[in-house]
Every structure is written in C-alpha cells, then in structure tokens.
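Coordinates as given in query_37.pdb (PDB, C-alpha atoms and all ligand atoms):
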```
ATOM      1  CA  MET Y 739      12.250  69.343   7.421
ATOM      2  CA  ASP Y 740      15.871  68.777   8.106
ATOM      3  CA  GLY Y 741      17.250  66.859  10.994
ATOM      4  CA  HIS Y 742      14.886  63.902  11.239
ATOM      5  CA  ASP Y 743      17.658  61.606  10.064
ATOM      6  CA  ALA Y 744      19.442  62.353  13.312
ATOM      7  CA  HIS Y 745      16.929  60.180  15.168
ATOM      8  CA  GLY Y 746      18.272  56.795  16.071
ATOM      9  CA  SER Y 747      21.869  57.841  15.679
ATOM     10  CA  GLY Y 748      22.448  57.178  19.328
ATOM     11  CA  GLY Y 749      22.436  60.819  20.254
ATOM     12  CA  HIS Y 750      26.019  61.809  19.549
ATOM     13  CA  ARG Y 751      26.160  64.675  21.913
ATOM     14  CA  SER Y 752      29.113  66.911  22.150
ATOM     15  CA  MET Y 753      31.677  66.559  24.903
ATOM     16  CA  GLU Y 754      33.079  69.995  24.282
ATOM     17  CA  HIS Y 755      31.266  71.611  27.183
ATOM     18  CA  GLY Y 756      33.814  70.005  29.472
ATOM     19  CA  SER Y 757      33.527  66.739  31.268
ATOM     20  CA  MET Y 758      32.293  67.926  34.618
ATOM     21  CA  ASP Y 759      28.568  68.037  34.122
ATOM     22  CA  HIS Y 760      28.644  64.811  32.185
ATOM     23  CA  ALA Y 761      30.449  63.209  35.097
ATOM     24  CA  ALA Y 762      27.872  64.598  37.467
ATOM     25  CA  MET Y 763      25.108  63.081  35.367
ATOM     26  CA  ALA Y 764      26.664  59.700  34.721
ATOM     27  CA  GLY Y 765      25.342  56.748  36.584
ATOM     28  CA  SER Y 766      23.245  58.530  39.183
ATOM     29  CA  ASP Y 767      19.526  59.058  39.404
ATOM     30  CA  ALA Y 768      19.891  61.201  42.509
ATOM     31  CA  PRO Y 769      18.668  64.615  41.441
ATOM     32  CA  ALA Y 770      20.696  67.713  42.123
ATOM     33  CA  GLY Y 771      19.423  71.000  43.348
ATOM     34  CA  VAL Y 772      17.482  69.980  46.428
ATOM     35  CA  SER Y 773      20.115  70.986  49.001
ATOM     36  CA  LEU Y 774      22.129  74.026  50.015
ATOM     37  CA  PHE Y 775      25.125  71.707  50.543
ATOM     38  CA  ALA Y 776      26.788  69.271  48.136
ATOM     39  CA  ASP Y 777      30.295  67.982  47.412
ATOM     40  CA  GLY Y 778      31.743  70.104  50.190
ATOM     41  CA  TYR Y 779      30.250  73.364  48.930
ATOM     42  CA  THR Y 780      27.626  75.442  50.721
ATOM     43  CA  LEU Y 781      25.375  78.119  49.326
ATOM     44  CA  ALA Y 782      25.470  80.860  51.974
ATOM     45  CA  PRO Y 783      22.263  82.790  52.678
ATOM     46  CA  VAL Y 784      20.897  84.667  49.672
ATOM     47  CA  VAL Y 785      20.458  88.399  50.195
ATOM     48  CA  ALA Y 786      17.695  89.936  48.087
ATOM     49  CA  PRO Y 787      14.895  92.491  48.305
ATOM     50  CA  THR Y 788      12.288  91.223  50.753
ATOM     51  CA  ALA Y 789       9.232  92.747  49.113
ATOM     52  CA  THR Y 790       7.928  93.311  45.617
ATOM     53  CA  GLY Y 791       8.845  96.521  43.861
ATOM     54  CA  ASP Y 792      12.056  97.191  45.800
ATOM     55  CA  GLN Y 793      15.002  97.735  43.471
ATOM     56  CA  GLY Y 794      18.077  96.099  44.923
ATOM     57  CA  LEU Y 795      20.661  93.399  44.531
ATOM     58  CA  LEU Y 796      20.463  89.663  44.775
ATOM     59  CA  SER Y 797      23.749  88.379  46.156
ATOM     60  CA  PHE Y 798      25.307  85.274  47.693
ATOM     61  CA  ARG Y 799      28.570  83.450  48.222
ATOM     62  CA  ILE Y 800      29.599  79.846  47.715
ATOM     63  CA  LEU Y 801      31.644  78.511  50.652
ATOM     64  CA  ASP Y 802      34.125  75.651  50.609
ATOM     65  CA  ARG Y 803      34.598  73.096  53.399
ATOM     66  CA  SER Y 804      36.657  75.547  55.436
ATOM     67  CA  GLY Y 805      33.945  78.200  55.191
ATOM     68  CA  THR Y 806      35.995  80.309  52.799
ATOM     69  CA  ALA Y 807      34.208  81.956  49.878
ATOM     70  CA  VAL Y 808      35.109  80.363  46.553
ATOM     71  CA  THR Y 809      36.640  82.932  44.179
ATOM     72  CA  ALA Y 810      37.777  80.762  41.244
ATOM     73  CA  TYR Y 811      35.389  78.904  38.988
ATOM     74  CA  GLU Y 812      35.413  76.816  35.812
ATOM     75  CA  ARG Y 813      33.314  77.876  32.878
ATOM     76  CA  GLN Y 814      30.508  75.537  31.921
ATOM     77  CA  HIS Y 815      28.144  76.386  29.090
ATOM     78  CA  GLU Y 816      30.110  79.622  28.645
ATOM     79  CA  LYS Y 817      29.502  80.948  32.179
ATOM     80  CA  GLU Y 818      31.178  80.488  35.544
ATOM     81  CA  LEU Y 819      27.836  80.352  37.324
ATOM     82  CA  HIS Y 820      24.243  79.973  36.191
ATOM     83  CA  LEU Y 821      21.564  81.444  38.439
ATOM     84  CA  ILE Y 822      18.062  80.047  38.103
ATOM     85  CA  VAL Y 823      15.217  81.570  40.117
ATOM     86  CA  VAL Y 824      11.653  80.283  40.069
ATOM     87  CA  ARG Y 825       8.645  80.659  42.339
ATOM     88  CA  SER Y 826       7.467  77.538  44.187
ATOM     89  CA  ASP Y 827       4.553  77.144  41.775
ATOM     90  CA  GLY Y 828       6.930  77.045  38.790
ATOM     91  CA  THR Y 829       6.133  80.543  37.520
ATOM     92  CA  GLN Y 830       8.345  83.662  37.460
ATOM     93  CA  PHE Y 831      11.271  81.748  35.972
ATOM     94  CA  ARG Y 832      14.544  83.593  35.468
ATOM     95  CA  HIS Y 833      17.908  82.314  34.227
ATOM     96  CA  VAL Y 834      20.617  84.951  34.564
ATOM     97  CA  HIS Y 835      24.344  85.356  35.095
ATOM     98  CA  PRO Y 836      25.475  87.398  38.097
ATOM     99  CA  VAL Y 837      28.876  89.039  38.384
ATOM    100  CA  LEU Y 838      31.583  87.713  40.692
ATOM    101  CA  GLY Y 839      33.493  89.988  43.021
ATOM    102  CA  THR Y 840      36.786  88.218  42.528
ATOM    103  CA  THR Y 841      38.296  89.308  45.843
ATOM    104  CA  THR Y 842      35.222  88.751  48.013
ATOM    105  CA  GLY Y 843      33.696  85.763  46.257
ATOM    106  CA  THR Y 844      30.317  87.532  46.308
ATOM    107  CA  TRP Y 845      28.090  87.015  43.285
ATOM    108  CA  SER Y 846      25.588  89.802  42.659
ATOM    109  CA  ILE Y 847      23.059  91.044  40.136
ATOM    110  CA  PRO Y 848      20.543  93.905  40.168
ATOM    111  CA  TRP Y 849      17.228  92.503  41.328
ATOM    112  CA  ALA Y 850      13.563  93.276  41.904
ATOM    113  CA  TRP Y 851      10.657  90.933  42.476
ATOM    114  CA  ALA Y 852       7.544  91.405  40.359
ATOM    115  CA  GLU Y 853       5.417  89.128  42.544
ATOM    116  CA  ALA Y 854       5.329  87.899  46.121
ATOM    117  CA  GLY Y 855       5.804  84.290  47.137
ATOM    118  CA  THR Y 856       8.455  81.763  48.044
ATOM    119  CA  TYR Y 857      11.182  81.367  45.481
ATOM    120  CA  ARG Y 858      13.795  78.716  44.838
ATOM    121  CA  VAL Y 859      17.230  80.010  43.930
ATOM    122  CA  PHE Y 860      19.557  77.570  42.158
ATOM    123  CA  THR Y 861      23.267  78.092  41.601
ATOM    124  CA  ASP Y 862      24.800  75.835  38.970
ATOM    125  CA  PHE Y 863      28.606  76.060  38.927
ATOM    126  CA  ALA Y 864      31.928  74.228  39.097
ATOM    127  CA  ALA Y 865      34.613  75.567  41.404
ATOM    128  CA  GLU Y 866      38.102  75.558  39.920
ATOM    129  CA  GLY Y 867      39.292  71.980  39.781
ATOM    130  CA  GLY Y 868      35.932  70.652  40.949
ATOM    131  CA  ASP Y 869      32.863  68.969  39.522
ATOM    132  CA  ALA Y 870      29.629  70.697  38.592
ATOM    133  CA  VAL Y 871      27.421  71.326  41.603
ATOM    134  CA  THR Y 872      23.883  72.668  41.932
ATOM    135  CA  LEU Y 873      22.990  74.246  45.268
ATOM    136  CA  THR Y 874      19.685  75.776  46.227
ATOM    137  CA  ARG Y 875      17.959  77.876  48.859
ATOM    138  CA  THR Y 876      14.519  79.344  49.314
ATOM    139  CA  VAL Y 877      13.874  83.090  49.448
ATOM    140  CA  ASP Y 878      10.611  84.565  50.746
ATOM    141  CA  VAL Y 879       9.139  87.698  49.217
ATOM    142  CA  ALA Y 880       6.515  89.425  51.357
ATOM    143  CA  GLY Y 881       2.980  89.922  50.122
ATOM    144  CA  SER Y 882       0.032  87.821  49.125
ATOM    145  CA  PHE Y 883       0.144  85.638  46.084
ATOM    146  CA  THR Y 884      -2.133  83.254  44.279
ATOM    147  CA  PRO Y 885      -0.357  80.055  43.252
ATOM    148  CA  VAL Y 886      -0.805  79.093  39.620
ATOM    149  CA  ALA Y 887      -1.716  75.432  39.206
ATOM    150  CA  SER Y 888       0.357  73.695  36.533
ATOM    151  CA  ALA Y 889      -1.185  71.942  33.561
ATOM    152  CA  THR Y 890       0.591  69.909  30.921
ATOM    153  CA  SER Y 891       1.590  72.126  28.052
ATOM    154  CA  ARG Y 892       3.534  71.387  24.880
ATOM    155  CA  GLU Y 893       2.966  74.701  23.137
ATOM    156  CA  THR Y 894       3.402  78.277  24.187
ATOM    157  CA  THR Y 895       3.784  81.730  22.696
ATOM    158  CA  ILE Y 896       6.466  84.063  23.968
ATOM    159  CA  ASP Y 897       7.377  87.489  22.577
ATOM    160  CA  GLY Y 898       5.640  86.632  19.306
ATOM    161  CA  PHE Y 899       7.407  83.290  18.883
ATOM    162  CA  ASP Y 900       5.489  80.015  18.936
ATOM    163  CA  ALA Y 901       7.380  77.264  20.723
ATOM    164  CA  ARG Y 902       6.443  73.590  20.689
ATOM    165  CA  ILE Y 903       8.078  70.627  22.419
ATOM    166  CA  SER Y 904       7.842  67.036  21.236
ATOM    167  CA  GLY Y 905       9.083  63.803  22.743
ATOM    168  CA  ASP Y 906       8.110  61.882  25.850
ATOM    169  CA  LEU Y 907       9.806  61.831  29.223
ATOM    170  CA  VAL Y 908      10.573  58.276  30.302
ATOM    171  CA  PRO Y 909      11.365  57.798  33.991
ATOM    172  CA  GLY Y 910      14.865  56.456  34.601
ATOM    173  CA  ASP Y 911      15.948  56.738  30.988
ATOM    174  CA  ALA Y 912      17.322  59.285  28.560
ATOM    175  CA  SER Y 913      14.485  61.007  26.733
ATOM    176  CA  GLU Y 914      14.961  62.932  23.521
ATOM    177  CA  LEU Y 915      13.076  66.193  23.406
ATOM    178  CA  THR Y 916      12.785  68.477  20.397
ATOM    179  CA  VAL Y 917      11.816  72.126  20.654
ATOM    180  CA  THR Y 918      10.553  73.795  17.456
ATOM    181  CA  ILE Y 919      10.319  77.560  17.098
ATOM    182  CA  SER Y 920       8.110  79.310  14.569
ATOM    183  CA  ARG Y 921       6.809  82.794  14.019
ATOM    184  CA  ASP Y 922       3.661  83.787  12.130
ATOM    185  CA  GLY Y 923       3.393  80.173  10.970
ATOM    186  CA  ALA Y 924       6.896  80.075   9.470
ATOM    187  CA  PRO Y 925       9.821  78.098  10.902
ATOM    188  CA  VAL Y 926      12.455  80.258  12.586
ATOM    189  CA  THR Y 927      15.856  79.371  11.171
ATOM    190  CA  THR Y 928      17.822  82.200  12.753
ATOM    191  CA  LEU Y 929      18.355  80.792  16.255
ATOM    192  CA  GLN Y 930      21.676  82.077  17.520
ATOM    193  CA  PRO Y 931      24.147  80.208  19.745
ATOM    194  CA  TYR Y 932      23.294  80.720  23.394
ATOM    195  CA  LEU Y 933      25.306  79.135  26.210
ATOM    196  CA  GLY Y 934      27.109  76.785  23.848
ATOM    197  CA  ALA Y 935      24.087  75.500  21.943
ATOM    198  CA  TYR Y 936      21.074  76.754  19.987
ATOM    199  CA  GLY Y 937      19.141  77.125  23.201
ATOM    200  CA  HIS Y 938      19.289  76.089  26.822
ATOM    201  CA  LEU Y 939      16.789  73.856  28.595
ATOM    202  CA  VAL Y 940      16.224  73.704  32.354
ATOM    203  CA  ALA Y 941      13.991  71.003  33.819
ATOM    204  CA  LEU Y 942      12.576  70.998  37.354
ATOM    205  CA  ARG Y 943      10.579  68.236  38.982
ATOM    206  CA  GLU Y 944       7.250  69.422  40.310
ATOM    207  CA  GLY Y 945       6.856  68.639  43.996
ATOM    208  CA  ASP Y 946      10.424  69.201  45.129
ATOM    209  CA  LEU Y 947      11.756  71.370  42.289
ATOM    210  CA  ALA Y 948      14.722  69.026  41.877
ATOM    211  CA  TYR Y 949      16.992  70.470  39.205
ATOM    212  CA  LEU Y 950      17.692  68.073  36.370
ATOM    213  CA  HIS Y 951      20.546  67.927  33.947
ATOM    214  CA  VAL Y 952      19.494  68.374  30.341
ATOM    215  CA  HIS Y 953      22.081  68.184  27.606
ATOM    216  CA  PRO Y 954      21.936  69.697  24.148
ATOM    217  CA  GLU Y 955      22.578  67.290  21.311
ATOM    218  CA  GLY Y 956      24.839  68.069  18.404
ATOM    219  CA  ASP Y 957      28.068  69.994  18.229
ATOM    220  CA  VAL Y 958      28.806  73.332  19.831
ATOM    221  CA  PRO Y 959      27.822  75.952  17.242
ATOM    222  CA  ALA Y 960      30.421  78.158  15.622
ATOM    223  CA  SER Y 961      30.133  81.807  16.515
ATOM    224  CA  GLY Y 962      27.989  83.610  13.984
ATOM    225  CA  ALA Y 963      26.231  80.404  12.959
ATOM    226  CA  VAL Y 964      22.442  80.170  13.066
ATOM    227  CA  SER Y 965      20.087  77.215  13.158
ATOM    228  CA  GLY Y 966      16.481  76.206  13.591
ATOM    229  CA  PRO Y 967      13.666  75.680  13.769
ATOM    230  CA  GLU Y 968      14.440  72.535  15.796
ATOM    231  CA  VAL Y 969      16.674  72.122  18.840
ATOM    232  CA  ARG Y 970      17.207  68.711  20.433
ATOM    233  CA  PHE Y 971      17.992  67.729  24.003
ATOM    234  CA  ALA Y 972      18.553  64.575  25.988
ATOM    235  CA  ALA Y 973      16.728  64.827  29.311
ATOM    236  CA  HIS Y 974      17.078  62.312  32.109
ATOM    237  CA  VAL Y 975      14.184  62.284  34.558
ATOM    238  CA  PRO Y 976      14.581  59.996  37.576
ATOM    239  CA  THR Y 977      10.948  59.341  38.450
ATOM    240  CA  ALA Y 978       7.432  59.401  37.079
ATOM    241  CA  GLY Y 979       5.675  62.672  37.700
ATOM    242  CA  ARG Y 980       5.369  66.164  36.363
ATOM    243  CA  TYR Y 981       8.265  68.237  35.076
ATOM    244  CA  LEU Y 982       8.519  71.960  34.421
ATOM    245  CA  LEU Y 983      10.696  72.826  31.427
ATOM    246  CA  TYR Y 984      12.106  76.213  30.498
ATOM    247  CA  PHE Y 985      13.703  76.744  27.101
ATOM    248  CA  ASP Y 986      15.867  79.830  26.605
ATOM    249  CA  PHE Y 987      16.685  80.754  23.018
ATOM    250  CA  GLN Y 988      18.223  83.741  21.290
ATOM    251  CA  VAL Y 989      17.125  85.509  18.108
ATOM    252  CA  SER Y 990      18.597  88.807  16.901
ATOM    253  CA  GLY Y 991      20.508  89.195  20.144
ATOM    254  CA  ALA Y 992      17.457  88.915  22.409
ATOM    255  CA  VAL Y 993      16.893  85.945  24.720
ATOM    256  CA  HIS Y 994      13.386  84.536  25.089
ATOM    257  CA  SER Y 995      12.162  81.932  27.555
ATOM    258  CA  ALA Y 996       9.423  79.423  26.729
ATOM    259  CA  ALA Y 997       7.869  77.260  29.464
ATOM    260  CA  PHE Y 998       6.422  73.769  29.015
ATOM    261  CA  VAL Y 999       4.969  71.173  31.391
ATOM    262  CA  LEU Y1000       5.321  67.457  30.666
ATOM    263  CA  ASP Y1001       4.297  64.360  32.592
ATOM    264  CA  ALA Y1002       6.745  61.451  32.750
ATOM    265  CA  LYS Y1003       4.876  58.167  32.722
ATOM    266  CA  ASP Y1004       6.217  54.726  33.321
ATOM    267  CA  PRO Y1005       5.973  52.963  29.928
ATOM    268  CA  HIS Y1006       4.513  49.891  31.639
ATOM    269  CA  GLN Y1007       1.597  51.833  33.046
ATOM    270  CA  HIS Y1008      -1.404  53.299  31.287
TER
HETATM  271 CU    CU Y1101      23.121  80.194  32.586
END
```

Conversion result in structure tokens:
Amino acid sequence: MDGHDAHGSGGHRSMEHGSMDHAAMAGSDAPAGVSLFADGYTLAPVVAPTATGDQGLLSFRILDRSGTAVTAYERQHEKELHLIVVRSDGTQFRHVHPVLGTTTGTWSIPWAWAEAGTYRVFTDFAAEGGDAVTLTRTVDVAGSFTPVASATSRETTIDGFDARISGDLVPGDASELTVTISRDGAPVTTLQPYLGAYGHLVALREGDLAYLHVHPEGDVPASGAVSGPEVRFAAHVPTAGRYLLYFDFQVSGAVHSAAFVLDAKDPHQH
C-alpha cells in the first residue's frame, strides 16, 4: 500500500485553495454553520418546495450589512458557493452547486424533496474580498417522517463502491482521517479530482449540526490525474460527541457520496 510513509510528516497540507478557509479555521474552536448570520452576512429565507414530490427550485440570497444581495464571490474549492442540505437526523445528505443570477444575487438550483422532515441548509462561500463564511437555515417539508437513529459506522457501500474510514476524532485537536475506496474487493485507484482534491469531506456535529472545516491533505491534483484508493483529511472537532461525515468522490465522471458516523472521545476518558 502506498502512502503510509506520509504519516508523521506533520500533515503538509496544501495552501493552494486560498487562504480564506484556513484563516477561518485557525485558532478558533467555535464551530461555523449554526447561524443564519456571521461576519456581516445574512442568509435570507430559503425558498423551496414545501412538500415531497413537488418539482421546483431551491433559491436564496446572501445579504451584506446594508441588506444588499451579494453578487460577487471568491472561488473556494473550485466553486463560488457550496450548498449542503441534510435532514435533521443526518440522512438525505446533498452537496450541490447552485447557479448565481449575477444581477439579482439569487442562487438557485432545480429541487425536489424525496422525504418529509426538517432540513438544514448550509451555504459555504466567501464574498469577494471577504473570508469564508458558513450560514445556515432550517427548511420544513410537509409530511410525516420517521427519524433514523444514527449509529457509529466506519464502512458503507454506495453505488457498488465500498468505502471505509480510519482514524480517530480527538476533541480539540487535528485528527487525521483516511478514506479508502474499493470495489469488488479491489482497491480503486481511479479517483478523479473533485473540488480541488481526490474527494471532499463534510463533517457535522450531531445535536446541533454544526458544520466543521475538514481539509484535504496533499497537493491539489493536476487535471486528468487519478489517485486512490486512499484519501486523507485533517478534521478538527471542537468537542466530544458524535459526528456525521459525508465523503464525496468522483470516478469516471460520476460523483458518489459515502456517509460515516464517528464518535469523538476525550483521550483521557474511557
Ligand atoms: Cu461544494
């Protein structure tokens, strides 16, 4: 297996994504993504279908301090805005990239809900000249639903791929996580670059769905390059507790999303 020699190297992660999300991470344990307002920016109400099955649009604007819709953004991880939507129980995860109406400042994407429930919508962006900000709102979708209780999970199968995560989350510290992808028992070595790395990991804290910054390790891949079966991340979880992790990876042009659940335990407790 390649790559094990990278352990203990101090985690030389790339700075080529731009400095903003690193600045947002540095020195603060306060999690992002628990408020509709941060750093002077407000996530205006999210408009979306209100019941399951309705085909429509999900749309929203980001407002600055003066209440004006923001129309200019900085790219981070190859996109001007990342939209993460997940139901309150951690299921129904989606990570997509809406389109900006550059005169109106309205972001929109075709949308339908498969299941009822209360959803958390996260917008992860940096306005032009600003730092990375994560804002969030809840959206209710009419109908009855049965919450799915979470259970710790390090392995999952998605679209025929087997995904496994190794590493332990340590509260208050950087934790190295490694995701390994295989198929039919064989390592997958054809992971394609996706959002500036060989995969993208989102971590949410169970209980308040705080949105955590997770950073890929290694250099930004060249276009056309492939890698695998391992992808490494440095995750920083602020507290003990349970975390929901969602790993997006791309093979043969298709993006797949694997979900894991890990508990962060204080190393001094047993
Ligand atoms: Cu994204």

So what does the PyMOL selection byres (((chain Y and resi 861) around 6) and not hetatm) actually pick up in this one, as a list in words?
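On this input, the PyMOL selection byres (((chain Y and resi 861) around 6) and not hetatm) captures His820, Leu821, Phe860, Asp862, Thr872 and Leu873 of chain Y.
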
Would you work out the distance separating CA of Val784 (chain Y) from CA of Phe985 (chain Y), expressed in Å to one decimal?
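Computed distance, CA of Val784 (chain Y) to CA of Phe985 (chain Y), equals 25.0 Å.
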
Skipping near chain neighbours, those fewer than 6 positions away, what residues fall within 9 Å of His974 (chain Y) using all atoms listed in the file, listed as a ChimeraX atom specification?
/Y:763,767,907-914,950-953

So which one's closest to ligand CU 1101 (chain Y), Y:Asp922, Y:Glu818, Y:Glu955, Y:Glu893? Using all atoms listed in the file, please.
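Of Y:Asp922, Y:Glu818, Y:Glu955, Y:Glu893, the one nearest ligand CU 1101 (chain Y), counting all atoms listed in the file, is Y:Glu818.
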
Select the residues contacting ligand CU 1101 (chain Y) at a distance of at most 7 Å, based on all atoms listed in the file, then format the selection as a PDB file with C-alpha atoms, in the coordinates of the input.
```
ATOM      1  CA  LYS Y 817      29.502  80.948  32.179  1.00  0.00           C
ATOM      2  CA  LEU Y 819      27.836  80.352  37.324  1.00  0.00           C
ATOM      3  CA  HIS Y 820      24.243  79.973  36.191  1.00  0.00           C
ATOM      4  CA  LEU Y 821      21.564  81.444  38.439  1.00  0.00           C
ATOM      5  CA  HIS Y 833      17.908  82.314  34.227  1.00  0.00           C
ATOM      6  CA  VAL Y 834      20.617  84.951  34.564  1.00  0.00           C
ATOM      7  CA  HIS Y 835      24.344  85.356  35.095  1.00  0.00           C
ATOM      8  CA  LEU Y 933      25.306  79.135  26.210  1.00  0.00           C
TER       9      LEU Y 933
END
```

Computed interatomic separation between CA of Pro1005 (chain Y) and CA of Val975 (chain Y) (Å):
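Rounded to one decimal, the two atoms are 13.3 Å apart.
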
The PyMOL selection byres (((chain Y and resi 811) around 10) and not hetatm) applied to the shown file, residues as a VMD selection string:
chain Y and resid 808 to 810 812 to 814 817 to 819 838 863 to 868

Residues near Val879 (chain Y), anyone? I mean within 8 Å using only C-alpha atoms, not counting same-chain ones fewer than 3 positions away, as JSON, numbers by chain.
{"Y": [787, 788, 789, 790, 851, 853, 854, 855, 856, 857]}

Contact residues around Phe987 (chain Y) with all atoms listed in the file at 9 Å, ignoring same-chain residues under 3 positions, as a ChimeraX atom specification:
/Y:929-932,936-939,992-996

Just to confirm, what's the straight-line distance from CA of Thr780 (chain Y) to CA of Asp802 (chain Y) in Å (one decimal)?
6.5 Å

Please, what is the axis-aligned box for every listed atom of region 814-833 of chain Y with 8 Å on each side, as centre and edge lengths in Å to one decimal, as lines of an AutoDock Vina configuration file?
```
center_x = 17.9
center_y = 79.6
center_z = 36.4
size_x = 42.6
size_y = 24.1
size_z = 31.5
```

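Minimum distance to Trp849 (chain Y) across Y:Thr927, Y:Thr918, Y:Ser797, Y:Ser826 (counting only C-alpha atoms) occurs at Y:Ser797.
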
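The shell of residues at most 8 Å from Ser773 (chain Y), with all atoms listed in the file counted and near chain neighbours (fewer than 3 positions) removed, consists of Ala770, Ala776, Leu873, Thr874 and Arg875 of chain Y.
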
Residues near Gly805 (chain Y), cut-off 12 Å, all atoms listed in the file, skip fewer than 2 positions along chain, as a PDB file with C-alpha atoms, in the frame of the given file:
```pdb
ATOM      1  CA  PHE Y 775      25.125  71.707  50.543  1.00  0.00           C
ATOM      2  CA  GLY Y 778      31.743  70.104  50.190  1.00  0.00           C
ATOM      3  CA  TYR Y 779      30.250  73.364  48.930  1.00  0.00           C
ATOM      4  CA  THR Y 780      27.626  75.442  50.721  1.00  0.00           C
ATOM      5  CA  LEU Y 781      25.375  78.119  49.326  1.00  0.00           C
ATOM      6  CA  ALA Y 782      25.470  80.860  51.974  1.00  0.00           C
ATOM      7  CA  ARG Y 799      28.570  83.450  48.222  1.00  0.00           C
ATOM      8  CA  ILE Y 800      29.599  79.846  47.715  1.00  0.00           C
ATOM      9  CA  LEU Y 801      31.644  78.511  50.652  1.00  0.00           C
ATOM     10  CA  ASP Y 802      34.125  75.651  50.609  1.00  0.00           C
ATOM     11  CA  ARG Y 803      34.598  73.096  53.399  1.00  0.00           C
ATOM     12  CA  ALA Y 807      34.208  81.956  49.878  1.00  0.00           C
ATOM     13  CA  VAL Y 808      35.109  80.363  46.553  1.00  0.00           C
ATOM     14  CA  GLY Y 843      33.696  85.763  46.257  1.00  0.00           C
TER      15      GLY Y 843
END
```

Selected residue, from Y:Val785, Y:Val824, Y:Ile919, Y:Ala889, that lies nearest to Trp845 (chain Y) when counting only C-alpha atoms:
Y:Val785

Distance criterion (all atoms listed in the file): nearest to Tyr981 (chain Y) out of Y:Asp957, Y:Asp827, Y:Asp878, Y:Asp869:
Y:Asp827

Name every residue that the PyMOL selection byres (((chain Y and resi 828) around 10) and not hetatm) selects in this structure, writing the answer as a PyMOL selection string with chains first and numbers rising.
chain Y and resi 823-827+829-831+857-858+885-888+942-945+947+981-984+997+999

Can you write out the residues you just picked, keeping C-alpha atoms, as a compact mmCIF listing (two decimals), keeping the file's coordinate frame?
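Final output, part17.txt:
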```
# COMPACT_ATOMS: atom_id res chain seq x y z
CA VAL Y 823 15.22 81.57 40.12
CA VAL Y 824 11.65 80.28 40.07
CA ARG Y 825 8.64 80.66 42.34
CA SER Y 826 7.47 77.54 44.19
CA ASP Y 827 4.55 77.14 41.78
CA THR Y 829 6.13 80.54 37.52
CA GLN Y 830 8.35 83.66 37.46
CA PHE Y 831 11.27 81.75 35.97
CA TYR Y 857 11.18 81.37 45.48
CA ARG Y 858 13.80 78.72 44.84
CA PRO Y 885 -0.36 80.06 43.25
CA VAL Y 886 -0.80 79.09 39.62
CA ALA Y 887 -1.72 75.43 39.21
CA SER Y 888 0.36 73.69 36.53
CA LEU Y 942 12.58 71.00 37.35
CA ARG Y 943 10.58 68.24 38.98
CA GLU Y 944 7.25 69.42 40.31
CA GLY Y 945 6.86 68.64 44.00
CA LEU Y 947 11.76 71.37 42.29
CA TYR Y 981 8.26 68.24 35.08
CA LEU Y 982 8.52 71.96 34.42
CA LEU Y 983 10.70 72.83 31.43
CA TYR Y 984 12.11 76.21 30.50
CA ALA Y 997 7.87 77.26 29.46
CA VAL Y 999 4.97 71.17 31.39
```

Among listed residues Y:Val964, Y:Val917, Y:Ala972, Y:Leu1000, nearest Arg902 (chain Y) (using all atoms listed in the file):
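When distances to Arg902 (chain Y) are compared using all atoms listed in the file, the smallest one comes from Y:Val917.
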
Considering only C-alpha atoms, can you say which of Y:Ser965, Y:Thr876, Y:Thr842, Y:Ser990 comes closest to Asp946 (chain Y)?
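Of the candidates, the smallest distance to Asp946 (chain Y) is held by Y:Thr876.
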